[in-house]
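Asks: I am attaching a structure below and will ask some questions about it afterwards.
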Protein chains: 2
Amino acid sequence: MKITVLGAGYMGTAMAVVAQQRGHEVRLWGTWLDDDLIEACERKAPHPRLKLVVDLPTYRSARLAEALAGAELVIHGVNSDGAVPVMTRAAPALPDVPILSVSKGFLESGSGRMDRLDLVVSEKVGRPLRFVHAAGPAKAMEIARGVLTWMTFAGPDAVVCRDAMNGGHMHIGVTDDLAGAEACSALKNAYATGLGLWDGLVGVDAHNARAACFTQSIVEMRAIVHAAGGRDETVYGSPGVGDLHVTGAGGRNRAFGERVGRGQRASVVAAEMAAENLLTEGYAAIATAHRFARERGVTGTPLLDALHAIVWQDAPVRETLAELRLSV
Amino acid sequence: MKITVLGAGYMGTAMAVVAQQRGHEVRLWGTWLDDDLIEACERKAPHPRLKLVVDLPTYRSARLAEALAGAELVIHGVNSDGAVPVMTRAAPALPDVPILSVSKGFLESGSGRMDRLDLVVSEKVGRPLRFVHAAGPAKAMEIARGVLTWMTFAGPDAVVCRDAMNGGHMHIGVTDDLAGAEACSALKNAYATGLGLWDGLVGVDAHNARAACFTQSIVEMRAIVHAAGGRDETVYGSPGVGDLHVTGAGGRNRAFGERVGRGQRASVVAAEMAAENLLTEGYAAIATAHRFARERGVTGTPLLDALHAIVWQDAPVRETLAELRLSV
């Protein structure tokens, strides 16, 4: 197949590498923020983030229409902030093909409510796009270097996307529960930050407490996924349990949480990490997940409420978590 | 309440400490294997395993009837191997009260099939005992030193037990799904060993692969719990997801698995660990879980099948896991 990958960051490039391994004709397009990444690829230097040489036809941001011409599958590898700007620019040149999206997060719709990325992007573009959401525990570095990975593709066109990408180290399942899969992906960044925060407070040797927080996260993710129209099985499979496991185990979402959990004020940590360009999706994800849940009248999310108070309102960590009632 | 704790090892003693904190009148009885532990308690030295001074009336093994006299609640803190020998000796002196059991594992019933511990012990004793199973992520050392812990008590008398032990750092939920809770507790030792084994093979930086194994474990635990007559919600709560999280994160089950995963023959590792008295329940749990599943005609447990082949039949780790098909 002819596959065009939009976004030359971690995940876009990793998915491009996989698509190439499957024998497809792959083009890698970089956004206006990806110039240094594309430039490195052009001179056959290692990709600055993935640290490996990517031998693919690359397109700088101005050549978007050219990159999309004749594509039979589009992979959307832009982060959630970039989804609307990129897809509205892409729309005039976008063929009517499935769009496999690795973006994780809720966005604000025209009505002012937080909603699923596929719905909001389709609304902004002005026509329904054929989004397939790629969920599941999948660190880009590991996908690119061939570590066994279990992903779940969700949506009406999931099978086509699975057939294009499945094989080798990539074990890909499919589901029609697009709502559940997208919600899991958006929520896991928030709860992974929460796991880090909790561990920063209780210490890594407090295994019972860490497991309690993991269990509580799954209980709350299920409640919010239900409100989003998703199903239990998605929460309990690779999009939910699996992805929270991998995201909670490390990375920058977790690092932010740990610093706050050890007692630093969230606003200070966020400012410092933002200055170093290290602030991650988990920070914003707590606000959007909290808003998504509130707008749908979800109750029974005491952990998310506590995270929101700590991270966005500088509530004291120890006192706030001490008052938390688990859903035992 | 008057509470008698049977078994003065890690978990029995930790539960005795909690019961004492709740204001109960607690007696701690040691089995014929616990003499050194009881002796340390008698002279107010730190408990040799929990490393803290336990200030409770203690009873050596010969004083079993005396320890049980007048008990309003019994806590069964003996491991699964000791359950039948201890309870058959206790039976003549055992009042008709709830028995809160922390033992994890399946046992062989009179029919020759593997079955739940409560059913097999009641069968051997010759009358139905009022077992309540204490499930959930609960390391004894952490319970004893006051780390926040989420347990789930399961059975008809669960509420009485919860009311006796709940409070402070102990967050205790209840369920009537005794079958599901016992199965989860028995299975998580097997799968935690599997997680260690997998990590030994793929390395700790292979987060995608580790999350895939965690997800697969939950899928298989659900299938086996169903066959045991248990319910989904138990698998996805603290007895399943939560307990696998804590057990998979560390401990001796995991250590055994890691050594095998790095390529040492399972029979050699088991012999060496047994010689040092370090071999844990996970080793046997893989065999009993596998047998329990087979006897009930459960299919779709490729990970458990692979673990069984590797650990009990010295199948080669890398080749066996390479052939594993995840339930994507």
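We label chains A, B, ... in the order they appear in the structure tokens, count residues from 1 in each chain, and number ligands from 1 in the order shown.
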Compute the set of chain B residues within 9 Å of chain A, using only C-alpha atoms, and express it as a PDB file with C-alpha atoms, in the first residue's frame.
Replies:
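Saved file out06.pdb follows:
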```
ATOM      1  CA  GLY B 136      -6.091  -8.306  47.234  1.00  0.00           C
ATOM      2  CA  PRO B 137      -2.650  -6.736  47.071  1.00  0.00           C
ATOM      3  CA  ALA B 138      -1.392  -7.087  50.613  1.00  0.00           C
ATOM      4  CA  LYS B 139       2.260  -7.663  51.391  1.00  0.00           C
ATOM      5  CA  GLU B 142       3.613  -3.409  54.558  1.00  0.00           C
ATOM      6  CA  ILE B 143       0.394  -4.259  56.381  1.00  0.00           C
ATOM      7  CA  VAL B 147       1.156   1.119  54.459  1.00  0.00           C
ATOM      8  CA  LEU B 148      -2.210   1.863  52.837  1.00  0.00           C
ATOM      9  CA  THR B 149      -3.690  -1.460  51.682  1.00  0.00           C
ATOM     10  CA  TRP B 150      -6.813  -2.364  49.671  1.00  0.00           C
ATOM     11  CA  MET B 151      -8.096  -5.845  50.430  1.00  0.00           C
ATOM     12  CA  THR B 152     -11.301  -7.584  49.387  1.00  0.00           C
ATOM     13  CA  HIS B 171      -9.313  -0.265  53.184  1.00  0.00           C
ATOM     14  CA  ILE B 172     -11.435  -3.382  52.966  1.00  0.00           C
ATOM     15  CA  GLY B 173     -14.150  -4.109  50.426  1.00  0.00           C
ATOM     16  CA  VAL B 174     -16.523  -7.072  50.441  1.00  0.00           C
ATOM     17  CA  VAL B 202      12.870  -9.369  27.332  1.00  0.00           C
ATOM     18  CA  ASP B 205      13.339  -1.782  29.441  1.00  0.00           C
ATOM     19  CA  ALA B 206      10.940  -3.654  27.154  1.00  0.00           C
ATOM     20  CA  HIS B 207       7.878  -1.923  28.588  1.00  0.00           C
ATOM     21  CA  ASN B 208       5.619  -2.760  25.646  1.00  0.00           C
ATOM     22  CA  ALA B 209       6.357  -6.449  26.001  1.00  0.00           C
ATOM     23  CA  ARG B 210       5.902  -6.346  29.776  1.00  0.00           C
ATOM     24  CA  ALA B 211       2.518  -4.629  29.387  1.00  0.00           C
ATOM     25  CA  ALA B 212       1.512  -7.202  26.773  1.00  0.00           C
ATOM     26  CA  CYS B 213       2.291  -9.988  29.242  1.00  0.00           C
ATOM     27  CA  PHE B 214       0.318  -8.228  31.994  1.00  0.00           C
ATOM     28  CA  THR B 215      -2.674  -7.834  29.670  1.00  0.00           C
ATOM     29  CA  GLN B 216      -2.462 -11.460  28.552  1.00  0.00           C
ATOM     30  CA  ILE B 218      -5.537 -10.702  32.956  1.00  0.00           C
ATOM     31  CA  VAL B 219      -7.277 -12.182  29.887  1.00  0.00           C
ATOM     32  CA  TYR B 236     -10.762  -6.428  37.387  1.00  0.00           C
ATOM     33  CA  GLY B 237     -10.678  -5.278  41.001  1.00  0.00           C
ATOM     34  CA  SER B 238      -8.206  -5.624  43.835  1.00  0.00           C
ATOM     35  CA  VAL B 241      -5.598  -6.689  38.579  1.00  0.00           C
ATOM     36  CA  GLY B 242      -4.494  -5.201  41.898  1.00  0.00           C
ATOM     37  CA  ASP B 243      -2.908  -8.313  43.335  1.00  0.00           C
ATOM     38  CA  LEU B 244      -1.152  -9.225  40.094  1.00  0.00           C
ATOM     39  CA  HIS B 245       0.250  -5.693  39.982  1.00  0.00           C
ATOM     40  CA  VAL B 246       1.834  -5.988  43.416  1.00  0.00           C
ATOM     41  CA  THR B 247       2.995  -9.578  43.066  1.00  0.00           C
ATOM     42  CA  ALA B 249       6.391  -5.997  40.833  1.00  0.00           C
ATOM     43  CA  GLY B 250       8.744  -7.912  43.057  1.00  0.00           C
ATOM     44  CA  ARG B 325       0.109 -16.329  20.387  1.00  0.00           C
ATOM     45  CA  LEU B 326      -1.347 -13.446  22.389  1.00  0.00           C
ATOM     46  CA  SER B 327      -5.150 -13.185  22.584  1.00  0.00           C
ATOM     47  CA  VAL B 328      -5.147  -9.954  20.592  1.00  0.00           C
TER      48      VAL B 328
END
```
Asks: Find the residues around A:Thr193 up to 7 Å (only C-alpha atoms counted), leave out those fewer than 6 positions away in its own chain, and share them as a ChimeraX atom specification.
Replies: /A:253-254,256-257,282
Asks: Looking only at the backbone, which of the residues in stretch 112-321 of chain A does DSSP tag as strand (DSSP E), as a VMD selection string?
Replies: chain A and resid 114 to 116 131 to 135 149 to 154 170 to 175
Asks: Just asking: which residues within stretch 93-198 of chain A are helix (DSSP H, G or I) according to DSSP, as a count of residues only?
Replies: 44
Asks: Smallest atom-to-atom distance to B:Thr301: which of B:Glu108, B:Asp96, B:Glu220, B:Glu258, using only C-alpha atoms?
Replies: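 For B:Thr301, the nearest of the given residues is B:Glu220.
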Asks: Can you pull out every residue within 8 Å of A:Arg116, counting only C-alpha atoms, but drop anything in the same chain fewer than 2 positions away, and send it as a PyMOL selection string?
Replies: chain A and resi 105-107+114+118-120+179+182-183
Asks: Between atom CA of A:Leu201 and atom CA of A:His308, what is the spacing in Å?
Replies: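 Rounded to one decimal, the two atoms are 16.0 Å apart.
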Asks: Just the residues within 12 Å of A:Arg89, please, counting only C-alpha atoms, with nothing from its chain fewer than 4 positions along; format it as a list in words.
Replies: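 My list of contacting residues is Leu6, Thr31, Trp32, Ser61, Ala62, Arg63, Leu64, Ala65, Leu68, Gly82, Ala83, Val84, Pro85, Ala93, Leu94, Val121, Lys124 and Val125 of chain A.
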Asks: Please provide the set of residues having any atom within 6 Å of B:Ile75, restricted to only C-alpha atoms, with same-chain residues fewer than 2 positions apart removed, written as a list in words.
Replies: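 With the cut-off at 6 Å, the set is Val5, Ile99, Leu100 and Ser101 of chain B.
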Asks: Tell me, in Å to one decimal, how far atom CA of B:Thr4 is from atom CA of B:Trp29.
Replies: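 Interatomic distance here is 7.3 Å.
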Asks: For atom CA of A:Arg60 and atom CA of A:Met11, determine how far apart the two atoms are, in Å to one decimal place.
Replies: 17.2 Å
Asks: So that I can check the surroundings of A:Val160, please list as a list in words every protein, DNA and RNA residue that reaches within 12 Å of it, counting only C-alpha atoms and ignoring chain neighbours fewer than 4 positions away.
Replies: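 Listing them by chain and then by number gives Met1, Glu72, Leu73, Val74, Val97, Pro98, Ile99, Leu100, Arg130, Phe131, Val132, Phe153, Ala154, Gly155, Pro156, Ala164, Met165, Asn166, Ile172, Gly173 and Val174 of chain A.
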